[in-house]
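First comes the structure, then the notes that go with it.
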Amino acid sequence: MKRQHTRVGVSIQVRVSSLDVDEFVKHFATNISRGGIFIQCIEPKPKGTVLLFEIQLKGGRVAIRGKGEVIWTRSRSEDEPSTKPPGMGVKFLALDKFSKAVVKRILEIKAGKDTIKAQPRPSVGSIPPQGKPDEEPVAMNFDIEVAPAEESEEEELDDIQVDVSVDDFLESAEEDPPVGTSSSPVIGIDLGTTNSCAAVVIDGKPRIIPSHRGYNTTPSVVAYSEEGKLLVGHEAKAQMELNPINTIYGSKRLIGRHYSSPAVQQVKDRFHYKIVNGPNHEAYVEIRGQMLDLKKVSAFILKEFKELAEEMLRQEVNRAVISVPAYYNENQRQAVREAGNLAGLAVDRIVNEPTAAALAYGYKQGLEKRILVYDLGGGTFDASLLDLYEDVFEVISTGGDSFLGGVDFDNQLIDHVLNEFCQEIGQVPELNRVAMQRLRNAVEHAKCELSEKESTTVHVPFFVKVADQPRDLKIDLNRETQEMLVAPLVERSMQVVEAVLEKAKEQAAKPDDVILVGGQTRMPLVRRHLVQKFKKEPQKGVHPDEAVAIGAALLGNALGKIDNVLLIDVLAVSIGYGLPGGGFRPVLMAGNTLPSSVTFVIRTEQDQQKSLDLLVFQGDSDRVLNNEYLGTVTISEISPSPKGKVQLKVTFNLDREGLLEVASVEHQTEIENTTTMVMKHDEAAIREILRIPGDEHATEQIGIPPKQKPAV
Ligand code: AMP
């Protein structure tokens, strides 16, 4: 933040009748341009006056605050008193960051990008860009107060600069983790694979934080434009077809994962952008020659919500509750927490998505129910069974598939449509990334239409060239064909549901209600399967796109309060360490209630051994290669002794958010060792350390439950 200490002569306070920023933007957009503002007043200040101004809404909240210079004036005309209101054109010299966001929004509306339409007043005109007003501005119905001319000092105002470049952001992101202030509201953020959503509790009620374009969700897409500009959300998605290699989507599947993890390897060649081996062997992306940490990619999206919230609430927001899938492993949770910090948010809590959805359904309802949360989003699926009683939300069992979501439904349809097209043109055309992206968008659109109607057409104009002639793709698709193509995917999700119920069988598993979460649950086939299974309609009161964010916001608001809620979660996938030969010894078992702590004993293997490495994995397989590598715990400062003499009591402690801490003490002496956990080994090193035979390969995808055997 640049601080300036310029002397200014006049402070002006302007009161408008608008109740909130939206209303202000609607009514006064025409008075504001990139360059400045027209302020109506009986006695305008002389040209050249530098002033501090503040536009206050009804109730005292500030809409725009900044420093400006009067660059033209108009006095009341004695001859024609009614036509042109007196006032002054004030060129912006500086604005605070909330005001910049408001001005940015106004500019978007004026450029026709936003859904909220500015309401032009009679004799519309505004100060043209760069503060050179030569048109007539419209009158603002301001009630103005001019403070006595006094010396005042400006502080904390930045130069007007609305756009943020990647480099600017990355620089600011290197700062220390933010400390949440008690005055800050806690926003709830559902960081989704396809779309993200945020909410905040205002006057006891959860409210969605709308995007700049007025939508309740924002695409989880980040791009780097040709000019090197950072684009987030709608803007990033809008240019995706033309700039696929610099547009990052689906990053939720990659964040916090080891590069060699089959989960990463599986999507590496399917995604249009470049996924690379980053520091510490984490998956990174490479955009325009720059290595980018996936935590930063998520941070761009989280920061967007922080700014939207600040704009909506007109106050600094630096605290959040962020949701993650229930089966997210320890590293992924940690990575999301760090992403929040990079975005300038202290993360009060990481909450599991199904638990958040359950909160949206049952918070303060005094329910005593068992519910099933069925969450089928863009890229992932999970199912959880929860018991709700009073203010307790207890997860009974949970399961999921991190590679089952709307995008897989799209893939099935793409294959079908391409097949039909090839038959139609009698050849297999060469398709570049742009063509594929256009087809993907058209297919997804058709898929969503088929949730509402029986048939539609997938249409991509000028899709390919055939015999040097541009050719459209136009393929009819009906609901029946679509359902036939995707039925195996829905069945796969139902197998996970079965396994989740099976796990809780001894506890009379039948749910009283089924809650649907995730955009893909809008598909009638999904609902039919659930109705058939549970003999009742899923709950309608919970919005599939918003429930998780709302639940996270409710939790954020409740944390630290007397009427807090109690969340009881379970570990979705076992955590353990690798054994010589490549076996996996689970330590913390799937289904353990969190927090969970287990202590076990290991011995040194060499004489005078000073340090020891434990390779930690998470997964359901008894072979480490099939599980996700979480990192290597190095236990050091071991007392020198002959081999096998020192017994180390190692404790794996998982907190209630599923974050792992490892500690070690020497059994005989109770001397504490130093432990660090770093993702420092690549697959070759893991094989070497654990002496895994060269012919052994992962038989299941890491983090992906096998197709026929859902992970619970
Ligand atoms: P989410 O991650 O919850 O935002 O879900 C996004 C997924 O839901 C995407 O794959 C969308 O194509 C899909 N989706 C959204 N709306 C519909 C709809 N009306 N019918 C079918 N799928 C939909």
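In the structure tokens, chains take letters A, B, ... by order of appearance, with residues numbered from 1 within each chain and ligands from 1 in the order shown.
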
Could you list the protein, DNA and RNA residues that have any atom within 9 Å of ligand 1, counting only C-alpha atoms and all ligand atoms, and write them as a short mmCIF file (atom, residue, chain, number, x, y, z; two decimals) with N, CA and C atoms, in the first residue's frame?
data_model
loop_
_atom_site.label_atom_id
_atom_site.label_comp_id
_atom_site.auth_asym_id
_atom_site.auth_seq_id
_atom_site.Cartn_x
_atom_site.Cartn_y
_atom_site.Cartn_z
N LEU A 191 -15.16 -23.83 -2.61
CA LEU A 191 -14.20 -23.77 -3.72
C LEU A 191 -14.44 -25.00 -4.58
N GLY A 192 -15.21 -24.82 -5.64
CA GLY A 192 -15.65 -25.98 -6.42
C GLY A 192 -14.73 -26.32 -7.58
N THR A 193 -14.93 -27.49 -8.16
CA THR A 193 -14.12 -27.88 -9.32
C THR A 193 -14.50 -27.02 -10.52
N THR A 194 -15.78 -26.84 -10.73
CA THR A 194 -16.25 -26.09 -11.90
C THR A 194 -16.62 -24.66 -11.52
N ASN A 195 -17.44 -24.55 -10.48
CA ASN A 195 -17.88 -23.23 -10.03
C ASN A 195 -17.63 -23.11 -8.55
N SER A 196 -17.43 -21.89 -8.10
CA SER A 196 -17.28 -21.63 -6.68
C SER A 196 -18.38 -20.67 -6.24
N CYS A 197 -18.63 -20.70 -4.94
CA CYS A 197 -19.74 -19.90 -4.43
C CYS A 197 -19.34 -19.42 -3.03
N THR A 217 -22.86 -17.90 -8.56
CA THR A 217 -21.62 -18.69 -8.56
C THR A 217 -20.64 -18.05 -9.54
N THR A 218 -19.37 -18.38 -9.33
CA THR A 218 -18.30 -17.84 -10.18
C THR A 218 -17.51 -19.03 -10.73
N PRO A 219 -17.24 -19.07 -12.05
CA PRO A 219 -16.48 -20.22 -12.56
C PRO A 219 -15.11 -20.31 -11.88
N SER A 220 -14.72 -21.54 -11.52
CA SER A 220 -13.40 -21.73 -10.88
C SER A 220 -12.33 -21.77 -11.97
N ASP A 375 -23.50 -35.62 -3.31
CA ASP A 375 -22.89 -34.42 -3.91
C ASP A 375 -22.18 -34.79 -5.21
N LEU A 376 -22.82 -34.47 -6.32
CA LEU A 376 -22.23 -34.75 -7.63
C LEU A 376 -21.99 -33.41 -8.33
N GLY A 377 -20.72 -32.99 -8.31
CA GLY A 377 -20.39 -31.69 -8.88
C GLY A 377 -19.77 -31.83 -10.25
N GLY A 378 -18.93 -30.86 -10.61
CA GLY A 378 -18.32 -30.85 -11.93
C GLY A 378 -17.26 -31.93 -12.08
N GLY A 379 -16.51 -32.19 -11.01
CA GLY A 379 -15.40 -33.12 -11.16
C GLY A 379 -15.37 -34.21 -10.13
N THR A 380 -16.15 -34.09 -9.09
CA THR A 380 -16.02 -35.07 -8.00
C THR A 380 -17.39 -35.48 -7.48
N GLY A 405 -17.65 -36.86 -12.02
CA GLY A 405 -18.38 -35.60 -11.95
C GLY A 405 -18.93 -35.23 -13.31
N GLY A 406 -19.51 -34.06 -13.39
CA GLY A 406 -20.16 -33.60 -14.61
C GLY A 406 -19.26 -33.72 -15.83
N VAL A 407 -17.96 -33.49 -15.62
CA VAL A 407 -17.05 -33.52 -16.76
C VAL A 407 -16.98 -34.92 -17.37
N ASP A 408 -17.17 -35.94 -16.56
CA ASP A 408 -17.17 -37.30 -17.09
C ASP A 408 -18.44 -37.56 -17.90
N PHE A 409 -19.53 -36.93 -17.47
CA PHE A 409 -20.78 -37.03 -18.23
C PHE A 409 -20.55 -36.35 -19.60
N ASP A 410 -19.88 -35.19 -19.55
CA ASP A 410 -19.60 -34.48 -20.81
C ASP A 410 -18.74 -35.36 -21.73
N VAL A 443 -21.44 -29.25 -25.87
CA VAL A 443 -21.99 -30.49 -25.30
C VAL A 443 -22.49 -30.24 -23.88
N GLU A 444 -21.72 -29.51 -23.11
CA GLU A 444 -22.15 -29.25 -21.73
C GLU A 444 -23.46 -28.46 -21.73
N HIS A 445 -23.55 -27.51 -22.65
CA HIS A 445 -24.77 -26.72 -22.76
C HIS A 445 -25.96 -27.63 -23.09
N ALA A 446 -25.74 -28.54 -24.06
CA ALA A 446 -26.81 -29.46 -24.46
C ALA A 446 -27.20 -30.36 -23.28
N LYS A 447 -26.20 -30.82 -22.55
CA LYS A 447 -26.47 -31.70 -21.40
C LYS A 447 -27.39 -30.98 -20.40
N CYS A 448 -27.09 -29.73 -20.12
CA CYS A 448 -27.91 -28.98 -19.15
C CYS A 448 -29.32 -28.77 -19.71
N GLU A 449 -29.41 -28.52 -21.03
CA GLU A 449 -30.74 -28.35 -21.63
C GLU A 449 -31.57 -29.60 -21.49
N LEU A 450 -30.90 -30.76 -21.61
CA LEU A 450 -31.63 -32.02 -21.54
C LEU A 450 -32.15 -32.33 -20.13
N SER A 451 -31.74 -31.55 -19.17
CA SER A 451 -32.34 -31.70 -17.83
C SER A 451 -33.72 -31.08 -17.81
N GLU A 452 -33.98 -30.19 -18.77
CA GLU A 452 -35.26 -29.48 -18.82
C GLU A 452 -36.16 -29.98 -19.94
N VAL A 517 -26.59 -32.08 -3.70
CA VAL A 517 -25.65 -30.97 -3.83
C VAL A 517 -24.89 -31.17 -5.13
N GLY A 518 -24.51 -30.04 -5.78
CA GLY A 518 -23.73 -30.13 -7.02
C GLY A 518 -24.61 -30.03 -8.25
N GLY A 519 -24.10 -29.31 -9.26
CA GLY A 519 -24.89 -29.00 -10.46
C GLY A 519 -25.38 -30.24 -11.19
N GLN A 520 -24.58 -31.30 -11.18
CA GLN A 520 -24.95 -32.47 -11.98
C GLN A 520 -26.16 -33.21 -11.41
N THR A 521 -26.52 -32.90 -10.14
CA THR A 521 -27.70 -33.57 -9.56
C THR A 521 -29.00 -33.06 -10.18
N ARG A 522 -28.88 -32.01 -11.02
CA ARG A 522 -30.10 -31.53 -11.70
C ARG A 522 -30.56 -32.50 -12.78
N MET A 523 -29.72 -33.42 -13.14
CA MET A 523 -30.08 -34.36 -14.19
C MET A 523 -31.18 -35.30 -13.68
N PRO A 524 -32.30 -35.41 -14.40
CA PRO A 524 -33.41 -36.23 -13.91
C PRO A 524 -33.02 -37.68 -13.62
N PRO A 544 -28.76 -26.78 -4.76
CA PRO A 544 -27.57 -27.60 -5.04
C PRO A 544 -26.28 -26.80 -5.26
N ASP A 545 -26.39 -25.58 -5.76
CA ASP A 545 -25.18 -24.80 -6.02
C ASP A 545 -24.73 -23.99 -4.80
N GLU A 546 -25.66 -23.74 -3.89
CA GLU A 546 -25.35 -22.76 -2.84
C GLU A 546 -25.24 -23.36 -1.44
#

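By only C-alpha atoms, and with residues fewer than 5 positions from A:Ala199 along its chain excluded, the set lying at most 9 Å from it is Ile187, Gly188, Ile189, Asp190, Pro206, Arg207, Ile208, Ile209, Pro210, Ala309, Glu546, Ala549, Ile550, Gly551, Ala552, Ala553 and Leu554 of chain A.
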
Report, in Å to a single decimal, how far apart atom CA of A:Val221 and atom CA of A:Val201 are. 25.7 Å

Excluding stretch 232-242 of chain A and any residue of its chain fewer than 6 positions from it, enumerate the residues within 10 Å of it, using only C-alpha atoms, and give them as a VMD selection string. chain A and resid 113 195 to 196 211 to 213 215 217 to 225 248 to 249 297 300 to 304 433 to 441

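Of the listed residues A:Asp382, A:Glu537, A:Glu430, A:Asp620, the one whose atoms come nearest to A:Glu498 is A:Asp382, with distances taken using only C-alpha atoms.
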
Need to verify the contact set: stretch 259-269 of chain A, 9 Å, only C-alpha atoms, exclusion of same-chain residues closer than 3 positions in sequence. Can you return it as a PyMOL selection string? chain A and resi 253-254+272-278+281-284+402-403+625-629+682-683+698+700-704

Writing out the chosen residues with N, CA and C atoms as an mmCIF file, in the first residue's frame:
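Final output, part26.cif:
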data_model
loop_
_atom_site.group_PDB
_atom_site.id
_atom_site.type_symbol
_atom_site.label_atom_id
_atom_site.label_comp_id
_atom_site.auth_asym_id
_atom_site.auth_seq_id
_atom_site.Cartn_x
_atom_site.Cartn_y
_atom_site.Cartn_z
ATOM 1 N N ARG A 253 -8.723 -30.619 -8.687
ATOM 2 C CA ARG A 253 -8.294 -32.008 -8.791
ATOM 3 C C ARG A 253 -6.790 -32.167 -8.564
ATOM 4 N N LEU A 254 -6.071 -31.066 -8.684
ATOM 5 C CA LEU A 254 -4.604 -31.159 -8.674
ATOM 6 C C LEU A 254 -3.959 -30.587 -7.424
ATOM 7 N N HIS A 272 -5.856 -28.924 -21.057
ATOM 8 C CA HIS A 272 -5.204 -28.175 -22.131
ATOM 9 C C HIS A 272 -3.991 -27.388 -21.651
ATOM 10 N N TYR A 273 -3.940 -27.076 -20.390
ATOM 11 C CA TYR A 273 -2.784 -26.315 -19.900
ATOM 12 C C TYR A 273 -1.710 -27.288 -19.419
ATOM 13 N N LYS A 274 -0.513 -26.728 -19.197
ATOM 14 C CA LYS A 274 0.629 -27.595 -18.915
ATOM 15 C C LYS A 274 0.763 -27.854 -17.413
ATOM 16 N N ILE A 275 0.797 -29.115 -17.037
ATOM 17 C CA ILE A 275 0.987 -29.477 -15.623
ATOM 18 C C ILE A 275 2.420 -29.980 -15.482
ATOM 19 N N VAL A 276 3.162 -29.396 -14.535
ATOM 20 C CA VAL A 276 4.593 -29.713 -14.441
ATOM 21 C C VAL A 276 4.971 -30.149 -13.027
ATOM 22 N N ASN A 277 6.198 -30.661 -12.937
ATOM 23 C CA ASN A 277 6.739 -31.130 -11.656
ATOM 24 C C ASN A 277 7.315 -29.920 -10.926
ATOM 25 N N GLY A 278 6.682 -29.509 -9.860
ATOM 26 C CA GLY A 278 7.107 -28.284 -9.176
ATOM 27 C C GLY A 278 8.093 -28.557 -8.058
ATOM 28 N N HIS A 281 8.330 -31.703 -5.680
ATOM 29 C CA HIS A 281 7.593 -32.692 -6.475
ATOM 30 C C HIS A 281 6.083 -32.521 -6.412
ATOM 31 N N GLU A 282 5.657 -31.318 -6.092
ATOM 32 C CA GLU A 282 4.208 -31.051 -6.132
ATOM 33 C C GLU A 282 3.802 -30.753 -7.563
ATOM 34 N N ALA A 283 2.538 -30.994 -7.877
ATOM 35 C CA ALA A 283 2.033 -30.626 -9.201
ATOM 36 C C ALA A 283 1.920 -29.104 -9.271
ATOM 37 N N TYR A 284 2.493 -28.508 -10.315
ATOM 38 C CA TYR A 284 2.398 -27.076 -10.586
ATOM 39 C C TYR A 284 1.816 -26.907 -11.985
ATOM 40 N N SER A 402 -13.016 -39.153 -6.517
ATOM 41 C CA SER A 402 -12.534 -37.834 -6.935
ATOM 42 C C SER A 402 -12.432 -37.720 -8.445
ATOM 43 N N PHE A 403 -12.795 -38.767 -9.163
ATOM 44 C CA PHE A 403 -12.820 -38.663 -10.616
ATOM 45 C C PHE A 403 -14.171 -39.048 -11.188
ATOM 46 N N LEU A 625 2.249 -47.933 -3.507
ATOM 47 C CA LEU A 625 2.208 -47.345 -4.852
ATOM 48 C C LEU A 625 0.776 -47.025 -5.281
ATOM 49 N N ASN A 626 -0.184 -47.694 -4.680
ATOM 50 C CA ASN A 626 -1.581 -47.424 -5.022
ATOM 51 C C ASN A 626 -2.178 -46.302 -4.180
ATOM 52 N N ASN A 627 -1.433 -45.863 -3.194
ATOM 53 C CA ASN A 627 -1.954 -44.827 -2.299
ATOM 54 C C ASN A 627 -1.293 -43.488 -2.589
ATOM 55 N N GLU A 628 -1.828 -42.423 -1.987
ATOM 56 C CA GLU A 628 -1.297 -41.087 -2.245
ATOM 57 C C GLU A 628 -0.160 -40.793 -1.266
ATOM 58 N N TYR A 629 0.979 -40.388 -1.827
ATOM 59 C CA TYR A 629 2.131 -40.051 -0.984
ATOM 60 C C TYR A 629 1.881 -38.676 -0.365
ATOM 61 N N ASP A 682 10.513 -38.117 -4.984
ATOM 62 C CA ASP A 682 9.724 -38.439 -6.170
ATOM 63 C C ASP A 682 9.536 -39.961 -6.218
ATOM 64 N N GLU A 683 8.841 -40.414 -7.270
ATOM 65 C CA GLU A 683 8.499 -41.837 -7.277
ATOM 66 C C GLU A 683 9.736 -42.727 -7.281
ATOM 67 N N ALA A 698 1.539 -49.090 -9.916
ATOM 68 C CA ALA A 698 0.245 -48.816 -9.277
ATOM 69 C C ALA A 698 -0.829 -49.559 -10.039
ATOM 70 N N GLU A 700 -4.106 -49.306 -8.962
ATOM 71 C CA GLU A 700 -5.284 -48.451 -8.842
ATOM 72 C C GLU A 700 -4.776 -47.038 -8.912
ATOM 73 N N GLN A 701 -5.632 -46.134 -9.322
ATOM 74 C CA GLN A 701 -5.181 -44.765 -9.386
ATOM 75 C C GLN A 701 -5.172 -44.167 -7.996
ATOM 76 N N ILE A 702 -4.095 -43.455 -7.710
ATOM 77 C CA ILE A 702 -3.970 -42.871 -6.387
ATOM 78 C C ILE A 702 -5.101 -41.884 -6.138
ATOM 79 N N GLY A 703 -5.731 -42.041 -5.033
ATOM 80 C CA GLY A 703 -6.791 -41.095 -4.668
ATOM 81 C C GLY A 703 -8.086 -41.345 -5.416
ATOM 82 N N ILE A 704 -8.057 -42.284 -6.347
ATOM 83 C CA ILE A 704 -9.271 -42.563 -7.110
ATOM 84 C C ILE A 704 -9.735 -43.942 -6.713
#

Got a sec to tell me which of stretch 328-508 of chain A DSSP assigns to strand (DSSP E), as a ChimeraX atom specification? /A:346-352,368-376,381-389,392-401,455-466,469-478

With a cut-off of 10 Å, could you pull out the residues of stretch 395-420 of chain A touching stretch 493-496 of chain A and give me the nearest pair of atoms for each, distance in Å to one decimal, using only C-alpha atoms, ordered by chain and ascending number, as JSON lines?
{"residue": "A:Thr398", "atom": "CA", "partner": "A:Val496", "partner_atom": "CA", "distance": 8.9}
{"residue": "A:Gly399", "atom": "CA", "partner": "A:Val496", "partner_atom": "CA", "distance": 6.3}
{"residue": "A:Gly400", "atom": "CA", "partner": "A:Val496", "partner_atom": "CA", "distance": 6.4}
{"residue": "A:Asp401", "atom": "CA", "partner": "A:Val496", "partner_atom": "CA", "distance": 7.9}
{"residue": "A:Leu404", "atom": "CA", "partner": "A:Ser493", "partner_atom": "CA", "distance": 7.8}
{"residue": "A:Gly405", "atom": "CA", "partner": "A:Ser493", "partner_atom": "CA", "distance": 9.4}

Can I get the selection written as a PDB file, in the first residue's frame, with all heavy atoms?
ATOM      1  N   THR A 398     -18.678 -41.953   5.231  1.00  0.00           N
ATOM      2  CA  THR A 398     -18.496 -41.095   4.058  1.00  0.00           C
ATOM      3  C   THR A 398     -17.702 -41.838   3.001  1.00  0.00           C
ATOM      4  O   THR A 398     -16.928 -42.749   3.323  1.00  0.00           O
ATOM      5  CB  THR A 398     -17.797 -39.776   4.494  1.00  0.00           C
ATOM      6  OG1 THR A 398     -17.807 -38.868   3.419  1.00  0.00           O
ATOM      7  CG2 THR A 398     -16.360 -39.985   4.945  1.00  0.00           C
ATOM      8  N   GLY A 399     -17.926 -41.498   1.763  1.00  0.00           N
ATOM      9  CA  GLY A 399     -17.181 -42.137   0.679  1.00  0.00           C
ATOM     10  C   GLY A 399     -17.232 -41.258  -0.551  1.00  0.00           C
ATOM     11  O   GLY A 399     -18.041 -40.327  -0.630  1.00  0.00           O
ATOM     12  N   GLY A 400     -16.365 -41.506  -1.499  1.00  0.00           N
ATOM     13  CA  GLY A 400     -16.386 -40.639  -2.673  1.00  0.00           C
ATOM     14  C   GLY A 400     -15.528 -41.155  -3.795  1.00  0.00           C
ATOM     15  O   GLY A 400     -14.861 -42.177  -3.676  1.00  0.00           O
ATOM     16  N   ASP A 401     -15.576 -40.400  -4.878  1.00  0.00           N
ATOM     17  CA  ASP A 401     -14.794 -40.724  -6.058  1.00  0.00           C
ATOM     18  C   ASP A 401     -14.323 -39.394  -6.621  1.00  0.00           C
ATOM     19  O   ASP A 401     -15.134 -38.603  -7.108  1.00  0.00           O
ATOM     20  CB  ASP A 401     -15.699 -41.467  -7.048  1.00  0.00           C
ATOM     21  CG  ASP A 401     -14.946 -41.947  -8.266  1.00  0.00           C
ATOM     22  OD1 ASP A 401     -13.919 -41.339  -8.606  1.00  0.00           O
ATOM     23  OD2 ASP A 401     -15.390 -42.930  -8.888  1.00  0.00           O
ATOM     24  N   LEU A 404     -15.194 -38.578 -10.542  1.00  0.00           N
ATOM     25  CA  LEU A 404     -16.540 -38.784 -11.062  1.00  0.00           C
ATOM     26  C   LEU A 404     -17.311 -37.482 -10.890  1.00  0.00           C
ATOM     27  O   LEU A 404     -17.566 -37.033  -9.776  1.00  0.00           O
ATOM     28  CB  LEU A 404     -17.242 -39.915 -10.287  1.00  0.00           C
ATOM     29  CG  LEU A 404     -18.692 -40.178 -10.667  1.00  0.00           C
ATOM     30  CD1 LEU A 404     -18.815 -40.534 -12.147  1.00  0.00           C
ATOM     31  CD2 LEU A 404     -19.275 -41.295  -9.818  1.00  0.00           C
ATOM     32  N   GLY A 405     -17.646 -36.864 -12.020  1.00  0.00           N
ATOM     33  CA  GLY A 405     -18.378 -35.602 -11.945  1.00  0.00           C
ATOM     34  C   GLY A 405     -18.929 -35.234 -13.307  1.00  0.00           C
ATOM     35  O   GLY A 405     -18.812 -36.013 -14.266  1.00  0.00           O
TER      36      GLY A 405
END

Across A:Ile71, A:Val624, A:Leu566, A:Val25, the smallest distance to A:Pro46, with only C-alpha atoms counted, is shown by A:Ile71

What's the 12 Å shell around stretch 669-680 of chain A, counting only C-alpha atoms, without same-chain residues fewer than 6 positions away, as an NGL selection string? :A and (256-261 or 278-283 or 330-331 or 610-617 or 628-639 or 645-652 or 660-663 or 686)

Please return, as number ranges by chain, all residues of stretch 245-381 of chain A that DSSP assigns to helix (DSSP H, G or I) on the basis of the backbone. A: 245-246, 251-253, 262-268, 279-281, 294-313, 330-342, 353-362

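For A:Leu52, the list of residues within 6 Å, based on only C-alpha atoms and with local chain neighbours fewer than 3 positions off taken out, reads Ser11, Gly66 and Lys67 of chain A.
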
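Taking only C-alpha atoms into account, A:Met484 lies nearest to A:His416 out of the set A:Lys47, A:His416, A:His697, A:Lys533.
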
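In this comparison, which uses only C-alpha atoms, the residue of A:Leu489, A:Leu51, A:Glu666, A:Ile371 approaching A:Gln412 most closely is A:Leu489.
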
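Closest approach to A:Ile64 among A:Val548, A:Met88, A:Leu95, A:Ala335 is made by A:Leu95 (distances from only C-alpha atoms).
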
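Across the structure, atom CA of A:Ile322 and atom CA of A:Ala360 are spaced 14.3 Å apart.
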
Give me the residues near A:Ser182 as a list in words, where near means some atom within 12 Å (using only C-alpha atoms) and where sequence neighbours in that chain fewer than 5 positions away do not count. Glu316, Val317, Asn318, Arg319, Ala320, Ala346, Asp348, Gly556, Asn557, Leu559, Gly560 and Lys561 of chain A

Among the residues A:Gly344, A:Gly362, A:Gly576, A:Pro642, the one that comes closest to A:Pro177 [using only C-alpha atoms]: A:Gly344
